[in-house]
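Next comes data23.cif, with mmCIF, C-alpha atoms.
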```
data_model
#
loop_
_atom_site.label_atom_id
_atom_site.label_comp_id
_atom_site.auth_asym_id
_atom_site.auth_seq_id
_atom_site.Cartn_x
_atom_site.Cartn_y
_atom_site.Cartn_z
CA MET A 957 33.04 -2.30 9.87
CA ALA A 958 33.61 -1.34 13.49
CA ALA A 959 34.41 2.26 12.56
CA LEU A 960 31.36 2.50 10.31
CA GLY A 961 29.27 1.04 13.13
CA SER A 962 30.42 3.85 15.42
CA VAL A 963 29.33 6.43 12.83
CA VAL A 964 25.88 4.83 12.56
CA ALA A 965 25.57 4.63 16.36
CA SER A 966 26.59 8.28 16.73
CA ILE A 967 23.93 9.35 14.24
CA ALA A 968 21.38 7.15 16.04
CA ILE A 969 22.09 8.82 19.39
CA ILE A 970 21.44 12.23 17.80
CA VAL A 971 18.16 11.09 16.25
CA THR A 972 16.89 9.36 19.39
CA GLY A 973 17.77 12.46 21.40
CA GLY A 974 15.51 14.35 19.01
CA ILE A 975 12.74 11.81 19.58
CA VAL A 976 13.06 12.39 23.32
CA ARG A 977 12.69 16.13 22.79
CA VAL A 978 9.80 16.27 20.32
CA THR A 979 7.77 13.73 22.29
CA GLY A 980 8.16 15.77 25.47
CA SER A 981 10.04 12.95 27.20
CA GLY A 982 13.07 14.92 28.35
CA LEU A 983 12.05 14.55 31.99
CA GLY A 984 10.51 11.11 31.54
CA CYS A 985 13.20 10.05 34.00
CA THR A 986 13.25 12.67 36.72
CA ASP A 987 16.77 11.99 37.95
CA TRP A 988 20.21 10.86 36.72
CA PRO A 989 21.96 8.40 36.65
CA MET A 990 18.98 6.67 38.28
CA CYS A 991 15.66 7.14 36.49
CA THR A 992 14.08 8.15 39.80
CA GLY A 993 15.49 8.63 43.25
CA GLU A 994 14.77 4.97 44.05
CA THR A 995 14.79 3.04 40.76
CA LEU A 996 17.24 2.62 37.89
CA ALA A 997 14.52 1.91 35.32
CA PRO A 998 11.23 3.79 34.85
CA THR A 999 8.12 2.59 36.63
CA ALA A 1000 4.82 1.77 34.96
CA GLU A 1001 3.34 4.99 36.34
CA MET A 1002 5.88 7.02 34.33
CA GLY A 1003 4.28 5.84 31.13
CA VAL A 1004 5.65 6.18 27.61
CA HIS A 1005 7.75 9.26 28.39
CA GLY A 1006 9.78 7.34 30.95
CA ALA A 1007 10.25 4.47 28.49
CA ILE A 1008 11.45 6.80 25.71
CA GLU A 1009 13.92 8.65 27.93
CA PHE A 1010 15.24 5.42 29.47
CA GLY A 1011 15.56 3.87 26.01
CA ASN A 1012 17.77 6.74 24.94
CA ARG A 1013 19.96 6.16 28.00
CA LEU A 1014 20.24 2.46 27.14
CA LEU A 1015 21.43 3.39 23.64
CA THR A 1016 24.45 5.01 25.30
CA GLY A 1017 25.42 1.54 26.55
CA ALA A 1018 25.14 0.16 23.02
CA LEU A 1019 27.28 3.05 21.79
CA CYS A 1020 29.94 2.19 24.38
CA ALA A 1021 29.96 -1.40 23.10
CA VAL A 1022 30.49 -0.23 19.51
CA VAL A 1023 33.31 2.12 20.56
CA GLY A 1024 34.88 -0.75 22.49
CA TRP A 1025 34.64 -2.84 19.31
CA VAL A 1026 36.58 -0.12 17.45
CA ILE A 1027 39.32 0.03 20.08
CA ILE A 1028 39.72 -3.76 20.40
CA THR A 1029 39.67 -4.29 16.64
CA ALA A 1030 42.32 -1.63 16.11
CA ARG A 1031 44.51 -3.20 18.82
CA LEU A 1032 44.21 -6.67 17.22
CA GLN A 1033 45.40 -5.62 13.77
CA GLU A 1034 48.70 -7.10 12.64
CA LYS A 1035 49.63 -3.71 11.22
CA PRO A 1036 49.46 -0.98 13.92
CA MET A 1037 46.59 1.50 13.42
CA PRO A 1038 47.47 4.39 15.75
CA ALA A 1039 45.08 6.91 14.19
CA VAL A 1040 42.14 4.52 14.54
CA LEU A 1041 43.12 3.73 18.11
CA ARG A 1042 43.32 7.43 18.96
CA GLY A 1043 39.96 7.99 17.33
CA GLY A 1044 38.41 5.12 19.27
CA TRP A 1045 39.66 6.40 22.61
CA ALA A 1046 38.56 9.93 21.71
CA GLN A 1047 35.07 8.56 21.11
CA PHE A 1048 35.11 6.77 24.47
CA TRP A 1049 35.90 9.93 26.42
CA ILE A 1050 33.39 11.97 24.41
CA VAL A 1051 30.71 9.37 25.24
CA VAL A 1052 31.58 9.88 28.92
CA LEU A 1053 31.38 13.66 28.44
CA ASN A 1054 28.04 13.37 26.67
CA ALA A 1055 26.62 11.17 29.43
CA VAL A 1056 27.62 13.75 32.05
CA VAL A 1057 26.12 16.60 30.01
CA GLY A 1058 22.97 14.52 29.64
CA GLY A 1059 22.81 14.17 33.41
CA VAL A 1060 23.28 17.91 33.87
CA THR A 1061 20.47 18.45 31.34
CA VAL A 1062 18.10 16.51 33.61
CA TRP A 1063 19.35 18.21 36.78
CA MET A 1064 18.91 21.64 35.13
CA ARG A 1065 15.34 20.68 34.13
CA LEU A 1066 16.03 20.93 30.39
CA SER A 1067 17.69 24.32 30.29
CA PRO A 1068 17.84 25.10 26.55
CA TYR A 1069 21.49 26.06 26.84
CA ILE A 1070 22.43 22.70 28.36
CA VAL A 1071 20.25 20.92 25.78
CA ALA A 1072 22.21 22.75 23.05
CA ALA A 1073 25.48 21.69 24.71
CA HIS A 1074 24.20 18.10 24.80
CA PHE A 1075 23.54 18.19 21.05
CA LEU A 1076 26.93 19.76 20.33
CA ALA A 1077 28.64 17.08 22.43
CA ALA A 1078 26.85 14.44 20.36
CA THR A 1079 28.04 16.21 17.19
CA LEU A 1080 31.58 16.16 18.59
CA LEU A 1081 31.21 12.41 19.04
CA LEU A 1082 30.08 12.10 15.42
CA THR A 1083 33.14 14.12 14.37
CA ALA A 1084 35.46 11.66 16.13
CA ALA A 1085 33.56 8.72 14.64
CA VAL A 1086 33.85 10.04 11.07
CA TYR A 1087 37.55 10.75 11.61
CA THR A 1088 38.04 7.19 12.86
CA TRP A 1089 36.11 5.80 9.91
CA HIS A 1090 38.32 7.72 7.50
CA ALA A 1091 41.48 6.72 9.38
CA ALA A 1092 40.48 3.05 9.31
CA TYR A 1093 40.80 3.01 5.53
CA ALA A 1094 43.97 5.14 5.48
CA ASP A 1095 45.74 3.05 8.14
CA ALA A 1096 44.80 -0.12 6.29
CA GLY A 1097 46.59 1.17 3.19
CA ASP A 1098 43.38 2.04 1.33
CA GLU A 1099 43.43 5.58 -0.04
CA THR A 1100 39.75 6.04 0.91
CA GLY A 1101 38.80 6.38 -2.68
CA VAL A 1102 41.60 8.76 -3.67
CA ASP A 1103 42.61 8.19 -7.25
CA ALA A 1104 45.87 6.39 -7.90
CA ASP A 1105 47.15 9.23 -10.10
CA ALA A 1106 46.74 11.80 -7.34
CA GLY A 1107 50.19 13.23 -8.06
CA ALA A 1108 49.66 13.65 -11.76
CA ASP A 1109 48.49 17.25 -11.85
CA GLY A 1110 51.40 19.27 -10.45
CA ALA A 1111 49.73 22.56 -11.37
CA ALA A 1112 46.56 21.86 -9.38
CA PRO A 1113 45.39 24.82 -7.26
CA VAL A 1114 46.04 22.89 -4.08
CA ALA A 1115 46.14 25.89 -1.75
CA ARG A 1116 42.78 27.19 -3.01
CA VAL A 1117 41.15 23.79 -2.72
CA ARG A 1118 42.46 23.37 0.82
CA SER A 1119 41.22 26.82 1.83
CA LEU A 1120 37.78 26.21 0.38
CA SER A 1121 37.55 22.88 2.17
CA VAL A 1122 38.45 24.43 5.53
CA ALA A 1123 36.01 27.30 4.94
CA LEU A 1124 33.26 24.81 4.08
CA VAL A 1125 33.75 22.95 7.36
CA ALA A 1126 33.91 26.19 9.36
CA VAL A 1127 30.69 27.65 7.91
CA THR A 1128 28.91 24.29 8.25
CA ALA A 1129 29.94 24.19 11.92
CA LEU A 1130 28.50 27.69 12.35
CA LEU A 1131 25.33 26.51 10.60
CA VAL A 1132 24.97 23.64 13.08
CA PHE A 1133 25.60 25.97 16.03
CA VAL A 1134 22.98 28.50 14.91
CA GLY A 1135 20.62 25.56 14.44
CA THR A 1136 20.84 24.94 18.19
CA LEU A 1137 19.78 28.55 18.79
CA ALA A 1138 16.78 28.08 16.52
CA THR A 1139 15.92 24.91 18.43
CA GLY A 1140 16.37 26.60 21.80
CA SER A 1141 14.08 29.44 20.72
CA GLY A 1142 11.44 27.16 19.22
CA PRO A 1143 8.38 25.47 20.68
CA HIS A 1144 9.78 21.95 21.29
CA ALA A 1145 11.02 22.33 24.86
CA GLY A 1146 11.52 18.62 25.49
CA ASP A 1147 8.89 18.30 28.17
CA SER A 1148 5.16 18.79 28.45
CA SER A 1149 5.61 21.25 31.31
CA ASP A 1150 6.55 24.90 30.88
CA VAL A 1151 10.29 25.01 30.08
CA ALA A 1152 11.90 28.41 29.48
CA ARG A 1153 13.18 29.02 25.96
CA MET A 1154 16.18 31.01 24.75
CA PRO A 1155 15.35 34.74 24.60
CA PHE A 1156 15.89 35.05 20.83
CA ASN A 1157 13.47 35.91 18.07
CA TRP A 1158 12.81 32.52 16.47
CA THR A 1159 12.04 34.00 13.04
CA ALA A 1160 15.24 36.08 12.99
CA VAL A 1161 17.40 33.14 14.09
CA THR A 1162 15.75 30.91 11.47
CA VAL A 1163 16.49 33.46 8.74
CA VAL A 1164 20.15 33.60 9.79
CA HIS A 1165 20.21 29.80 9.82
CA GLY A 1166 18.81 29.76 6.29
CA LEU A 1167 21.34 32.31 5.04
CA LEU A 1168 24.16 30.23 6.48
CA ALA A 1169 22.74 27.15 4.74
CA ALA A 1170 22.75 29.08 1.45
CA THR A 1171 26.36 30.10 2.10
CA VAL A 1172 27.34 26.47 2.68
CA LEU A 1173 25.58 25.52 -0.55
CA VAL A 1174 27.50 28.17 -2.51
CA LEU A 1175 30.82 27.19 -0.91
CA ALA A 1176 30.22 23.53 -1.73
CA GLY A 1177 29.47 24.45 -5.33
CA VAL A 1178 32.59 26.60 -5.59
CA LEU A 1179 34.71 23.82 -4.09
CA LEU A 1180 33.27 21.30 -6.52
CA SER A 1181 34.07 23.56 -9.48
CA ALA A 1182 37.60 24.16 -8.14
CA LEU A 1183 38.43 20.47 -7.68
CA PRO A 1184 40.58 19.21 -10.58
CA LYS A 1185 39.42 16.06 -12.30
CA ASP A 1186 42.87 14.42 -12.09
CA GLY A 1187 43.50 13.01 -8.64
CA PHE A 1188 40.37 14.46 -7.04
CA GLY A 1189 37.74 12.10 -8.40
CA ALA A 1190 36.79 10.78 -4.97
CA ALA A 1191 36.60 14.29 -3.54
CA ARG A 1192 34.35 15.37 -6.42
CA ARG A 1193 32.02 12.43 -5.85
CA LYS A 1194 31.78 13.16 -2.15
CA ALA A 1195 31.21 16.86 -2.83
CA LEU A 1196 28.34 15.94 -5.16
CA ALA A 1197 26.86 13.63 -2.52
CA PHE A 1198 27.22 16.39 0.07
CA LEU A 1199 25.40 18.84 -2.18
CA ALA A 1200 22.54 16.37 -2.62
CA VAL A 1201 22.23 15.83 1.16
CA LEU A 1202 22.43 19.57 1.78
CA LEU A 1203 19.65 20.29 -0.71
CA GLY A 1204 17.45 17.62 0.88
CA GLN A 1205 18.13 19.02 4.33
CA GLY A 1206 17.32 22.53 3.13
CA LEU A 1207 14.01 21.35 1.72
CA VAL A 1208 13.06 19.66 5.00
CA GLY A 1209 14.08 22.76 6.95
CA LEU A 1210 12.03 25.03 4.71
CA VAL A 1211 8.94 22.86 4.92
CA GLN A 1212 9.13 22.47 8.71
CA SER A 1213 9.56 26.21 9.21
CA VAL A 1214 6.36 27.03 7.30
CA THR A 1215 4.29 24.18 8.76
CA ALA A 1216 4.65 25.00 12.48
CA LEU A 1217 7.49 22.52 13.12
CA PRO A 1218 5.71 19.14 13.02
CA SER A 1219 7.50 16.53 15.11
CA LEU A 1220 8.24 14.13 12.24
CA LEU A 1221 9.93 16.84 10.16
CA VAL A 1222 11.91 18.02 13.18
CA MET A 1223 13.30 14.49 13.61
CA LEU A 1224 14.06 14.26 9.88
CA HIS A 1225 15.87 17.60 10.12
CA LEU A 1226 17.96 16.27 13.01
CA LEU A 1227 18.85 13.23 10.94
CA GLY A 1228 19.70 15.55 8.07
CA SER A 1229 21.95 17.66 10.28
CA ALA A 1230 23.92 14.56 11.25
CA LEU A 1231 24.21 13.50 7.61
CA VAL A 1232 25.26 17.00 6.54
CA TRP A 1233 27.99 17.08 9.19
CA THR A 1234 29.14 13.58 8.25
CA GLY A 1235 29.19 14.63 4.59
CA VAL A 1236 31.19 17.80 5.05
CA LEU A 1237 33.79 15.96 7.13
CA GLN A 1238 34.06 13.26 4.48
CA VAL A 1239 34.60 15.94 1.83
CA HIS A 1240 37.25 17.66 3.95
CA PHE A 1241 39.18 14.51 4.85
CA THR A 1242 39.11 13.27 1.24
CA VAL A 1243 40.23 16.65 -0.14
CA LYS A 1244 43.02 16.77 2.44
CA LYS A 1245 44.17 13.28 1.45
CA ALA A 1246 44.10 14.14 -2.25
CA CYS A 1247 45.99 17.40 -1.66
CA SER A 1248 48.73 15.51 0.20
CA GLY A 1249 49.30 13.55 -3.01
CA HIS A 1250 49.84 16.75 -4.95
CA SER A 1251 52.20 18.70 -2.75
CA SER A 1252 54.84 18.45 -0.08
CA PRO A 1253 53.39 18.99 3.39
CA LEU A 1254 56.25 21.41 4.16
CA SER A 1255 56.76 23.45 1.04
CA GLY A 1256 53.55 22.97 -0.88
CA ALA A 1257 55.66 22.13 -3.95
CA PRO A 1258 54.48 19.35 -6.25
CA LEU A 1259 55.90 15.96 -5.31
CA PRO A 1260 58.05 14.24 -7.94
CA ARG A 1261 56.48 11.27 -9.66
CA ALA A 1262 57.60 7.90 -8.32
CA ARG A 1263 60.27 6.00 -10.26
CA GLY A 1264 58.66 3.91 -12.92
CA ALA A 1265 55.42 5.89 -12.80
CA ALA A 1266 55.61 6.80 -16.49
CA THR A 1267 56.10 3.16 -17.43
CA HIS A 1268 53.18 2.16 -15.21
CA ALA A 1269 51.01 4.86 -16.78
#
```
In structure tokens, how does this file's structure come out?
Amino acid sequence: MAALGSVVASIAIIVTGGIVRVTGSGLGCTDWPMCTGETLAPTAEMGVHGAIEFGNRLLTGALCAVVGWVIITARLQEKPMPAVLRGGWAQFWIVVLNAVVGGVTVWMRLSPYIVAAHFLAATLLLTAAVYTWHAAYADAGDETGVDADAGADGAAPVARVRSLSVALVAVTALLVFVGTLATGSGPHAGDSSDVARMPFNWTAVTVVHGLLAATVLVLAGVLLSALPKDGFGAARRKALAFLAVLLGQGLVGLVQSVTALPSLLVMLHLLGSALVWTGVLQVHFTVKKACSGHSSPLSGAPLPRARGAATHA
């Protein structure tokens, strides 16, 4: 529950950051870590923009509490959970990094490059949270949905499945990165004043972003078709869920690009990007776990069936 809470909180920080941007509240607080040079919280004169920006900063405190819950819970387990503990501490330091980048974003008056770095730091936090969530089940002895007969199909194309999974994550990461270029070139600068944009052609960047999304869709379909039914049931289910999320995200992206980027759709697209990244990581971690049941980590040769497995079957 703690690990899942950190995933939800990480997604929330991405979405609320988007709310700050599309409402033009990026400089609602004119300084950092104080909201102004004299006050920690916004004043009444700063209006709704100050409240929105300060609210996003307060969410960082809530995120720290959730990450602390992960670390303390992992430490209190009777069975040691080193992977979860590492993931929890990784999240803590990434939260610190993200807070500093957020401060630099304010100091640099919403430079689109720093804003992009702020989003990527939040995505890095989500990566650590999803890893921790997956590790929480694995360290507890739960196979995270991997089928019990994961070693049954010795002839499974494990190497191909692994390669496709890695390629899917890599191209999805590139998709997310190019998305930051589209954002930095677009009209939502994060503040009502004139903020310089990235010097890229927004239409061209958007087309590249769309082509990458299509590539991810094809790769996900190829991976799904390559996953054997024996031992990869959980991976197949997560790949199907990922495809559904990806199609929904693509639809939102298409509609927002032809309707002049309305704020609500931009926020939905940000939520979708977080869900897509969560989904692809879940697919990758589950495929990796299932592959480890099929082959030796050193030789890649099929593992022998456990003694008594035939009787159990």
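If you measure from each of A:Val1071, A:Leu1224, A:Cys1247, A:Val1163 to Val1114 of chain A using all atoms listed in the file, the closest one turns out to be A:Cys1247.
Using only C-alpha atoms, the contacts of segment 972-983 of chain A at a cut-off of 6 Å, with sequence neighbours closer than 2 positions omitted, comprise A:Ile969, A:Ile970, A:Cys985, A:Thr986, A:His1005, A:Glu1009, A:His1144, A:Gly1146, A:Asp1147, A:Ser1148, A:Ser1219, A:Met1223.
Proximity to Val1243 of chain A was assessed for A:Pro1218, A:Pro1184, A:Pro1143, A:Gly1228 counting all atoms listed in the file; the smallest distance is recorded for A:Pro1184.
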Run the PyMOL selection byres ((chain A and resi 1141) around 8) mentally over the shown coordinates, then write out the matched residues as a ChimeraX atom specification, using the chain letters and numbers from the document. /A:1137-1140,1142-1143,1153-1158
note - atom CA of Ala1152 of chain A and atom CA of Gly1166 of chain A are separated by 24.2 Å
Hey, can you check how far atom CA of Val1172 of chain A sits from atom CA of Leu1082 of chain A? 19.4 Å
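Taking atom CA of Thr1234 of chain A and atom CA of Tyr1087 of chain A as the two end points, the separation is 9.5 Å.
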How would you write, as a ChimeraX atom specification, the residues chosen by the PyMOL selection byres ((chain A and resi 1131) around 10) on this structure? /A:1125-1130,1132-1136,1164-1172,1229,1233
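Nearest to Ala1115 of chain A of all the residues A:Gln1212, A:Thr1162, A:Ser1248, A:Gln1205 is A:Ser1248, counting only C-alpha atoms.
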